[in-house]
Amino acid sequence: MDLFGEALAKAESDCRGLSFEDVTALLGAGEVERPRLYALADRVRSRRLGEEVHLRGIIEFSNYCTGTCLYCGLRSGGERVHRYRMEPAEILEAAGEAAGMGLKTIVLQSGEDPFYTVKILSGVISAIKKLDVAVTLSVGVRTPEELRAFREAGADRYLLKHETADPALFARLRPGTTLADRVGSLRLLKRLGYQAGSGGMVGLPGQTAPSVARDLLLMRDLDVEMAGLGPFIPHPGTPLGGSPAGSLEMTLTVLAVARLVMPEVHLPATTALGTIDPRGRGLALRCGANVIMPNVTPRRYRSHYSIYPGKTGVDRDPYASVREMRLLIESLGRREAAGYGHSPKKAYSE
Ligand code: SAH
Ligand code: SF4
């Protein structure tokens with residue numbers, strides 16, 4: 001048997017035993033091999049997690065950012081960005097609307113924006129928790145004390161992608177920060193009792209195939225509850241504006257292999273994948289993904305949250321976005337999960 005075939009057989013019988021060489025062989029799947037890889041990832045998803053798809057309503061509440069990540073359209077100094085901040089009352093209203101539509105998780109995402117002090121953000125978190133929903137934060141790097149305070153205010157999960165497991169590439173793309181620090185923050189989040197989400201971009205300029213294998217093994221090692229993997233999309237206002245985007249095939253391959261490496265992880269069909277191809281999210285749900293994140297940001301702000309260009313859904317309101325995702329789930333013969341959608345790991349079960 002060839003290396004790919006051997007690795008696939010091993011994934012079928014003993015997911016946890018996949019080595020770096022196995023993961024590399026799976027990621028190298030060519031056109032002929034991909035359908036087998038996708039089919040196995042879909043079976044593992046179905047066997048371990050069932051047919052339920054979790055909806056997470058995301059509110060992009062501020063696009064101010066002190067960060068200078070080379071890939072991101074919101075980086076500080078990006079003059080073409082119209083900056084906005086939602087008032088706490090506005091965030092709460094958007095969360096109430098999402099909860100009213102039956103969503104059981106609210107994701108609060110922003111640039112790294114010090115305007116939202118511990119006091120302000122903790123107040124928002126505890127008010128949203130009264131809506132009987134789970135809360136995920138995705139607000140970038142914060143001090144250990146802040147992270148503890150947000151947890152005490154009721155935040156359940158924290159999404160902080162490691163972006164790339166290649167330390168040199170990480171340092172180049174995120175000036176002034178290190179992969180080691182990012183990984184340290186992820187370990188701290190776990191210790192604080194958060195369900196931790198990491199992830200990365202596929203097709204970053206300078207990214208190597210072995211480093212993508214390391215992305216997946218790093219997340220297995222960290223024992224994260226969620227893995228957000230989407231294609232890199234060049235933003236014209238950034239230093240990487242002239243680089244090519246990550247491809248649909250490569251992203252689906254990485255998702256499928258992620259499902260095999262981490263059989264019970266929550267794996268979103270990302271908005272970035274839906275942006276590079278209108279079929280992207282549907283295909284992702286059929287090769288391992290089990291989460292989808294409808295945008296519930298008020299329509300007037302959406303076009304300004306331009307992390308990457310051409311983001312799908314900026315012309316819709318929250319109701320249309322949620323409806324679109326529900327129709328997609330139905331069209332695939334799957335069903336929407338009813339609970340909070342915590343990790344299936346014992347410590348978090350509902
Ligand atoms: N400021 C926070 C959260 C917002 S950014 C943070 O950085 O953690 C959310 C995610 O957007 C990042 O983790 C990154 O993976 C993704 N992102 C940024 N620029 C992107 C691009 N050009 N293409 C695809 N994804 C991008
Ligand atoms: Fe800021 Fe996050 Fe964009 Fe980096 S990826 S510039 S931290 S919003």
# chains A, B, ... in the order shown; residues from 1 in each chain; ligands from 1
call {"tool": "residues_near_ligand", "arguments": {"ligand": "ligand 2", "cutoff": "7 Å", "atoms": "only C-alpha atoms and all ligand atoms", "output": "ChimeraX atom specification"}}
result
/A:63,65-69,72-76,110-112,140,307
call {"tool": "write_last_selection", "arguments": {"atoms": "all heavy atoms", "output": "mmCIF file, in the first residue's frame"}}
result
data_model
loop_
_atom_site.group_PDB
_atom_site.id
_atom_site.type_symbol
_atom_site.label_atom_id
_atom_site.label_comp_id
_atom_site.auth_asym_id
_atom_site.auth_seq_id
_atom_site.Cartn_x
_atom_site.Cartn_y
_atom_site.Cartn_z
ATOM 1 N N ASN A 63 -14.083 47.196 14.976
ATOM 2 C CA ASN A 63 -13.015 46.888 14.012
ATOM 3 C C ASN A 63 -11.782 47.738 14.279
ATOM 4 O O ASN A 63 -10.902 47.825 13.429
ATOM 5 C CB ASN A 63 -13.508 47.016 12.562
ATOM 6 C CG ASN A 63 -13.799 48.451 12.175
ATOM 7 O OD1 ASN A 63 -13.757 49.346 13.019
ATOM 8 N ND2 ASN A 63 -14.085 48.682 10.907
ATOM 9 N N CYS A 65 -8.233 48.153 15.866
ATOM 10 C CA CYS A 65 -7.238 47.157 16.275
ATOM 11 C C CYS A 65 -5.869 47.792 16.434
ATOM 12 O O CYS A 65 -5.427 48.569 15.588
ATOM 13 C CB CYS A 65 -7.161 46.019 15.261
ATOM 14 S SG CYS A 65 -6.143 44.664 15.892
ATOM 15 N N THR A 66 -5.206 47.431 17.537
ATOM 16 C CA THR A 66 -3.833 47.904 17.762
ATOM 17 C C THR A 66 -2.830 46.947 17.111
ATOM 18 O O THR A 66 -1.640 47.237 17.075
ATOM 19 C CB THR A 66 -3.530 47.982 19.272
ATOM 20 O OG1 THR A 66 -3.824 46.704 19.839
ATOM 21 C CG2 THR A 66 -4.369 49.046 19.960
ATOM 22 N N GLY A 67 -3.305 45.806 16.619
ATOM 23 C CA GLY A 67 -2.420 44.804 16.007
ATOM 24 C C GLY A 67 -1.972 45.225 14.616
ATOM 25 O O GLY A 67 -2.595 46.078 13.972
ATOM 26 N N THR A 68 -0.886 44.604 14.157
ATOM 27 C CA THR A 68 -0.358 44.947 12.829
ATOM 28 C C THR A 68 -0.143 43.686 11.989
ATOM 29 O O THR A 68 0.772 43.638 11.157
ATOM 30 C CB THR A 68 0.981 45.712 12.943
ATOM 31 O OG1 THR A 68 1.871 44.922 13.745
ATOM 32 C CG2 THR A 68 0.806 47.073 13.567
ATOM 33 N N CYS A 69 -0.970 42.682 12.191
ATOM 34 C CA CYS A 69 -0.832 41.419 11.448
ATOM 35 C C CYS A 69 -0.796 41.712 9.941
ATOM 36 O O CYS A 69 -1.689 42.396 9.423
ATOM 37 C CB CYS A 69 -1.999 40.493 11.766
ATOM 38 S SG CYS A 69 -2.228 40.278 13.534
ATOM 39 N N CYS A 72 -4.048 41.037 7.669
ATOM 40 C CA CYS A 72 -5.419 41.431 8.036
ATOM 41 C C CYS A 72 -5.785 42.859 7.643
ATOM 42 O O CYS A 72 -5.032 43.805 7.916
ATOM 43 C CB CYS A 72 -5.580 41.259 9.542
ATOM 44 S SG CYS A 72 -7.198 41.757 10.140
ATOM 45 N N GLY A 73 -6.946 43.018 7.052
ATOM 46 C CA GLY A 73 -7.432 44.324 6.611
ATOM 47 C C GLY A 73 -7.746 45.281 7.756
ATOM 48 O O GLY A 73 -7.899 46.483 7.535
ATOM 49 N N LEU A 74 -7.840 44.787 8.985
ATOM 50 C CA LEU A 74 -8.154 45.664 10.120
ATOM 51 C C LEU A 74 -6.904 46.161 10.835
ATOM 52 O O LEU A 74 -6.998 46.906 11.810
ATOM 53 C CB LEU A 74 -9.044 44.925 11.135
ATOM 54 C CG LEU A 74 -10.392 44.420 10.635
ATOM 55 C CD1 LEU A 74 -11.205 43.858 11.799
ATOM 56 C CD2 LEU A 74 -11.178 45.512 9.925
ATOM 57 N N ARG A 75 -5.717 45.756 10.370
ATOM 58 C CA ARG A 75 -4.474 46.119 11.068
ATOM 59 C C ARG A 75 -4.385 47.631 11.261
ATOM 60 O O ARG A 75 -4.872 48.413 10.435
ATOM 61 C CB ARG A 75 -3.259 45.595 10.293
ATOM 62 C CG ARG A 75 -3.078 46.198 8.922
ATOM 63 C CD ARG A 75 -2.204 45.298 8.068
ATOM 64 N NE ARG A 75 -0.878 45.125 8.646
ATOM 65 C CZ ARG A 75 0.170 45.896 8.366
ATOM 66 N NH1 ARG A 75 0.056 46.912 7.527
ATOM 67 N NH2 ARG A 75 1.343 45.658 8.921
ATOM 68 N N SER A 76 -3.763 48.039 12.352
ATOM 69 C CA SER A 76 -3.698 49.477 12.621
ATOM 70 C C SER A 76 -2.847 50.122 11.527
ATOM 71 O O SER A 76 -1.890 49.522 11.042
ATOM 72 C CB SER A 76 -3.133 49.734 14.015
ATOM 73 O OG SER A 76 -1.750 49.838 13.988
ATOM 74 N N SER A 110 -13.763 40.977 17.802
ATOM 75 C CA SER A 110 -13.319 42.348 17.501
ATOM 76 C C SER A 110 -11.835 42.341 17.202
ATOM 77 O O SER A 110 -11.147 41.334 17.393
ATOM 78 C CB SER A 110 -13.559 43.255 18.719
ATOM 79 O OG SER A 110 -12.706 42.869 19.774
ATOM 80 N N GLY A 111 -11.328 43.498 16.779
ATOM 81 C CA GLY A 111 -9.882 43.695 16.744
ATOM 82 C C GLY A 111 -9.387 43.785 18.182
ATOM 83 O O GLY A 111 -10.172 43.659 19.125
ATOM 84 N N GLU A 112 -8.097 43.991 18.346
ATOM 85 C CA GLU A 112 -7.582 44.161 19.704
ATOM 86 C C GLU A 112 -7.837 45.617 20.078
ATOM 87 O O GLU A 112 -7.123 46.519 19.647
ATOM 88 C CB GLU A 112 -6.103 43.777 19.763
ATOM 89 C CG GLU A 112 -5.940 42.294 19.462
ATOM 90 C CD GLU A 112 -4.578 41.728 19.803
ATOM 91 O OE1 GLU A 112 -3.630 42.501 20.014
ATOM 92 O OE2 GLU A 112 -4.468 40.485 19.848
ATOM 93 N N GLY A 140 -8.726 38.671 20.743
ATOM 94 C CA GLY A 140 -7.269 38.767 20.670
ATOM 95 C C GLY A 140 -6.604 38.591 22.022
ATOM 96 O O GLY A 140 -7.184 38.047 22.959
ATOM 97 N N ILE A 307 -11.792 42.151 7.430
ATOM 98 C CA ILE A 307 -10.566 41.389 7.703
ATOM 99 C C ILE A 307 -9.950 40.958 6.380
ATOM 100 O O ILE A 307 -8.750 41.017 6.170
ATOM 101 C CB ILE A 307 -10.933 40.186 8.595
ATOM 102 C CG1 ILE A 307 -11.115 40.667 10.028
ATOM 103 C CG2 ILE A 307 -9.909 39.081 8.507
ATOM 104 C CD1 ILE A 307 -11.477 39.594 11.009
#
call {"tool": "residues_around", "arguments": {"residues": "Gly288 of chain A", "least_positions_apart": "2", "cutoff": "9 Å", "atoms": "only C-alpha atoms", "output": "PyMOL selection string"}}
result
chain A and resi 38-46+252+255-260+263+267-269+284-286+290
call {"tool": "residues_around", "arguments": {"residues": "Val107 of chain A", "least_positions_apart": "2", "cutoff": "8 Å", "atoms": "only C-alpha atoms", "output": "list in words"}}
result
Arg56, Gly57, Ile58, Ile59, Thr105, Gln109, Val135, Thr136, Leu137 and Ser138 of chain A
call {"tool": "write_last_selection", "arguments": {"atoms": "C-alpha atoms", "output": "PDB file, in the first residue's frame"}}
result
ATOM      1  CA  ARG A  56     -22.874  30.182  16.500  1.00  0.00           C
ATOM      2  CA  GLY A  57     -24.094  33.737  15.999  1.00  0.00           C
ATOM      3  CA  ILE A  58     -21.125  36.062  15.588  1.00  0.00           C
ATOM      4  CA  ILE A  59     -21.239  39.753  16.494  1.00  0.00           C
ATOM      5  CA  THR A 105     -24.057  30.525  21.278  1.00  0.00           C
ATOM      6  CA  GLN A 109     -15.377  39.185  17.992  1.00  0.00           C
ATOM      7  CA  VAL A 135     -20.622  33.014  25.121  1.00  0.00           C
ATOM      8  CA  THR A 136     -17.425  32.750  23.072  1.00  0.00           C
ATOM      9  CA  LEU A 137     -14.877  35.554  23.081  1.00  0.00           C
ATOM     10  CA  SER A 138     -12.590  36.272  20.125  1.00  0.00           C
TER      11      SER A 138
END
call {"tool": "select_by_dssp", "arguments": {"residues": "segment 234-314 of chain A", "states": "helix (DSSP H, G or I)", "output": "JSON, numbers by chain"}}
result
{"A": [248, 249, 250, 251, 252, 253, 254, 255, 256, 257, 258, 259, 260, 261, 271, 272, 273, 274, 275, 276, 280, 281, 282, 283, 284, 285, 299, 300, 301, 302]}
call {"tool": "closest_residue", "arguments": {"among": "A:Leu70, A:Ile329, A:Ala165, A:Val314", "to": "ligand 1", "atoms": "only C-alpha atoms and all ligand atoms"}}
result
A:Leu70
call {"tool": "select_by_dssp", "arguments": {"residues": "segment 193-248 of chain A", "states": "strand (DSSP E or B)", "output": "ChimeraX atom specification"}}
result
/A:195-202,226-231
call {"tool": "residues_around", "arguments": {"residues": "Gly241 of chain A", "least_positions_apart": "2", "cutoff": "10 Å", "atoms": "only C-alpha atoms", "output": "PyMOL selection string"}}
result
chain A and resi 70-73+233-239+243-245+308
call {"tool": "write_last_selection", "arguments": {"atoms": "N, CA, C and O atoms", "output": "tab-separated table (two decimals), in the first residue's frame"}}
result
chain	number	residue	atom	x	y	z
A	70	LEU	N	0.20	41.19	9.28
A	70	LEU	CA	0.42	41.54	7.87
A	70	LEU	C	-0.71	41.10	6.95
A	70	LEU	O	-0.89	41.63	5.86
A	71	TYR	N	-1.49	40.08	7.38
A	71	TYR	CA	-2.52	39.52	6.51
A	71	TYR	C	-3.87	40.22	6.64
A	71	TYR	O	-4.76	39.99	5.84
A	72	CYS	N	-4.05	41.04	7.67
A	72	CYS	CA	-5.42	41.43	8.04
A	72	CYS	C	-5.79	42.86	7.64
A	72	CYS	O	-5.03	43.80	7.92
A	73	GLY	N	-6.95	43.02	7.05
A	73	GLY	CA	-7.43	44.32	6.61
A	73	GLY	C	-7.75	45.28	7.76
A	73	GLY	O	-7.90	46.48	7.54
A	233	ILE	N	-7.04	34.88	2.59
A	233	ILE	CA	-7.56	35.67	1.47
A	233	ILE	C	-6.81	37.01	1.46
A	233	ILE	O	-6.88	37.75	2.45
A	234	PRO	N	-6.08	37.32	0.38
A	234	PRO	CA	-5.29	38.56	0.40
A	234	PRO	C	-6.16	39.81	0.44
A	234	PRO	O	-7.16	39.88	-0.28
A	235	HIS	N	-5.78	40.74	1.28
A	235	HIS	CA	-6.51	42.02	1.35
A	235	HIS	C	-5.64	43.07	0.67
A	235	HIS	O	-4.47	43.26	1.04
A	236	PRO	N	-6.20	43.78	-0.32
A	236	PRO	CA	-5.37	44.71	-1.11
A	236	PRO	C	-4.73	45.83	-0.28
A	236	PRO	O	-3.69	46.36	-0.68
A	237	GLY	N	-5.30	46.15	0.87
A	237	GLY	CA	-4.73	47.24	1.67
A	237	GLY	C	-3.63	46.77	2.62
A	237	GLY	O	-3.21	47.52	3.50
A	238	THR	N	-3.16	45.55	2.46
A	238	THR	CA	-2.15	45.00	3.39
A	238	THR	C	-0.87	44.65	2.63
A	238	THR	O	-0.89	44.53	1.40
A	239	PRO	N	0.23	44.44	3.36
A	239	PRO	CA	1.49	44.07	2.68
A	239	PRO	C	1.39	42.74	1.91
A	239	PRO	O	2.23	42.48	1.06
A	243	SER	N	-0.43	38.54	-2.81
A	243	SER	CA	-0.21	37.08	-2.72
A	243	SER	C	-1.47	36.33	-3.13
A	243	SER	O	-2.58	36.84	-3.00
A	244	PRO	N	-1.31	35.07	-3.60
A	244	PRO	CA	-2.51	34.29	-3.96
A	244	PRO	C	-3.27	33.82	-2.71
A	244	PRO	O	-2.69	33.67	-1.63
A	245	ALA	N	-4.57	33.57	-2.90
A	245	ALA	CA	-5.40	33.06	-1.80
A	245	ALA	C	-5.18	31.56	-1.62
A	245	ALA	O	-4.73	30.88	-2.53
A	308	TYR	N	-10.82	40.50	5.47
A	308	TYR	CA	-10.40	40.17	4.10
A	308	TYR	C	-11.48	40.70	3.16
A	308	TYR	O	-12.61	40.95	3.60
call {"tool": "decode", "arguments": {"residues": "segment 186-218 of chain A", "atoms": "N, CA, C and O atoms", "output": "compact mmCIF listing (two decimals), in the first residue's frame"}}
result
# COMPACT_ATOMS: atom_id res chain seq x y z
N LEU A 186 -2.99 30.01 24.94
CA LEU A 186 -3.97 28.94 24.74
C LEU A 186 -3.95 27.96 25.92
O LEU A 186 -5.01 27.52 26.40
N ARG A 187 -2.76 27.65 26.40
CA ARG A 187 -2.67 26.75 27.57
C ARG A 187 -3.32 27.41 28.79
O ARG A 187 -4.01 26.76 29.57
N LEU A 188 -3.10 28.72 28.93
CA LEU A 188 -3.71 29.43 30.06
C LEU A 188 -5.24 29.39 29.96
O LEU A 188 -5.94 29.16 30.95
N LEU A 189 -5.75 29.61 28.76
CA LEU A 189 -7.21 29.58 28.58
C LEU A 189 -7.78 28.24 29.04
O LEU A 189 -8.80 28.19 29.72
N LYS A 190 -7.08 27.17 28.71
CA LYS A 190 -7.54 25.84 29.13
C LYS A 190 -7.52 25.74 30.66
O LYS A 190 -8.47 25.24 31.27
N ARG A 191 -6.43 26.23 31.25
CA ARG A 191 -6.33 26.16 32.72
C ARG A 191 -7.43 26.97 33.40
O ARG A 191 -7.91 26.63 34.47
N LEU A 192 -7.84 28.06 32.77
CA LEU A 192 -8.90 28.90 33.35
C LEU A 192 -10.28 28.28 33.17
O LEU A 192 -11.28 28.84 33.63
N GLY A 193 -10.34 27.16 32.47
CA GLY A 193 -11.62 26.47 32.32
C GLY A 193 -12.40 26.87 31.08
O GLY A 193 -13.57 26.51 30.92
N TYR A 194 -11.77 27.63 30.20
CA TYR A 194 -12.43 27.94 28.92
C TYR A 194 -12.41 26.70 28.03
O TYR A 194 -11.46 25.91 28.08
N GLN A 195 -13.39 26.56 27.17
CA GLN A 195 -13.27 25.68 26.02
C GLN A 195 -12.47 26.50 25.01
O GLN A 195 -12.90 27.59 24.61
N ALA A 196 -11.31 25.99 24.64
CA ALA A 196 -10.39 26.80 23.83
C ALA A 196 -10.52 26.47 22.35
O ALA A 196 -10.63 25.32 21.96
N GLY A 197 -10.50 27.52 21.55
CA GLY A 197 -10.50 27.36 20.10
C GLY A 197 -9.19 27.89 19.55
O GLY A 197 -8.74 28.97 19.93
N SER A 198 -8.55 27.10 18.69
CA SER A 198 -7.40 27.61 17.97
C SER A 198 -7.67 27.44 16.48
O SER A 198 -8.83 27.28 16.08
N GLY A 199 -6.61 27.47 15.69
CA GLY A 199 -6.82 27.31 14.26
C GLY A 199 -5.79 28.10 13.49
O GLY A 199 -4.88 28.68 14.08
N GLY A 200 -5.96 28.09 12.19
CA GLY A 200 -4.99 28.80 11.38
C GLY A 200 -5.51 29.06 9.98
O GLY A 200 -6.64 28.67 9.65
N MET A 201 -4.67 29.71 9.21
CA MET A 201 -5.04 29.99 7.82
C MET A 201 -4.31 29.03 6.89
O MET A 201 -3.18 28.65 7.15
N VAL A 202 -4.99 28.66 5.83
CA VAL A 202 -4.44 27.71 4.86
C VAL A 202 -4.02 28.49 3.62
O VAL A 202 -4.81 29.26 3.08
N GLY A 203 -2.76 28.30 3.20
CA GLY A 203 -2.29 28.99 1.99
C GLY A 203 -1.62 30.32 2.26
O GLY A 203 -1.51 31.15 1.35
N LEU A 204 -1.17 30.52 3.49
CA LEU A 204 -0.43 31.76 3.79
C LEU A 204 0.84 31.82 2.95
O LEU A 204 1.49 30.78 2.75
N PRO A 205 1.21 33.01 2.47
CA PRO A 205 2.46 33.08 1.71
C PRO A 205 3.64 32.63 2.57
O PRO A 205 3.78 33.08 3.71
N GLY A 206 4.42 31.70 2.06
CA GLY A 206 5.57 31.21 2.82
C GLY A 206 5.26 29.99 3.67
O GLY A 206 6.14 29.42 4.31
N GLN A 207 3.99 29.56 3.68
CA GLN A 207 3.61 28.39 4.49
C GLN A 207 4.08 27.10 3.78
O GLN A 207 3.93 26.97 2.58
N THR A 208 4.63 26.16 4.55
CA THR A 208 5.08 24.90 3.96
C THR A 208 4.11 23.77 4.33
O THR A 208 3.38 23.89 5.32
N ALA A 209 4.15 22.69 3.54
CA ALA A 209 3.27 21.54 3.84
C ALA A 209 3.56 20.96 5.23
O ALA A 209 2.62 20.71 6.00
N PRO A 210 4.84 20.76 5.60
CA PRO A 210 5.07 20.22 6.95
C PRO A 210 4.52 21.11 8.05
O PRO A 210 4.05 20.62 9.09
N SER A 211 4.52 22.44 7.83
CA SER A 211 4.01 23.31 8.89
C SER A 211 2.50 23.18 9.03
O SER A 211 1.96 23.36 10.12
N VAL A 212 1.80 22.82 7.95
CA VAL A 212 0.35 22.60 8.07
C VAL A 212 0.10 21.32 8.89
O VAL A 212 -0.80 21.27 9.74
N ALA A 213 0.93 20.30 8.68
CA ALA A 213 0.83 19.09 9.50
C ALA A 213 1.05 19.46 10.97
O ALA A 213 0.34 19.00 11.87
N ARG A 214 2.03 20.34 11.20
CA ARG A 214 2.30 20.76 12.59
C ARG A 214 1.14 21.57 13.17
O ARG A 214 0.88 21.50 14.36
N ASP A 215 0.44 22.33 12.32
CA ASP A 215 -0.75 23.06 12.81
C ASP A 215 -1.72 22.09 13.47
O ASP A 215 -2.24 22.34 14.56
N LEU A 216 -1.96 20.98 12.77
CA LEU A 216 -2.96 20.02 13.27
C LEU A 216 -2.45 19.29 14.51
O LEU A 216 -3.19 19.10 15.48
N LEU A 217 -1.15 18.93 14.49
CA LEU A 217 -0.62 18.20 15.64
C LEU A 217 -0.48 19.11 16.86
O LEU A 217 -0.67 18.66 18.00
N LEU A 218 -0.21 20.38 16.63
CA LEU A 218 -0.17 21.33 17.75
C LEU A 218 -1.54 21.40 18.42
O LEU A 218 -1.65 21.36 19.65
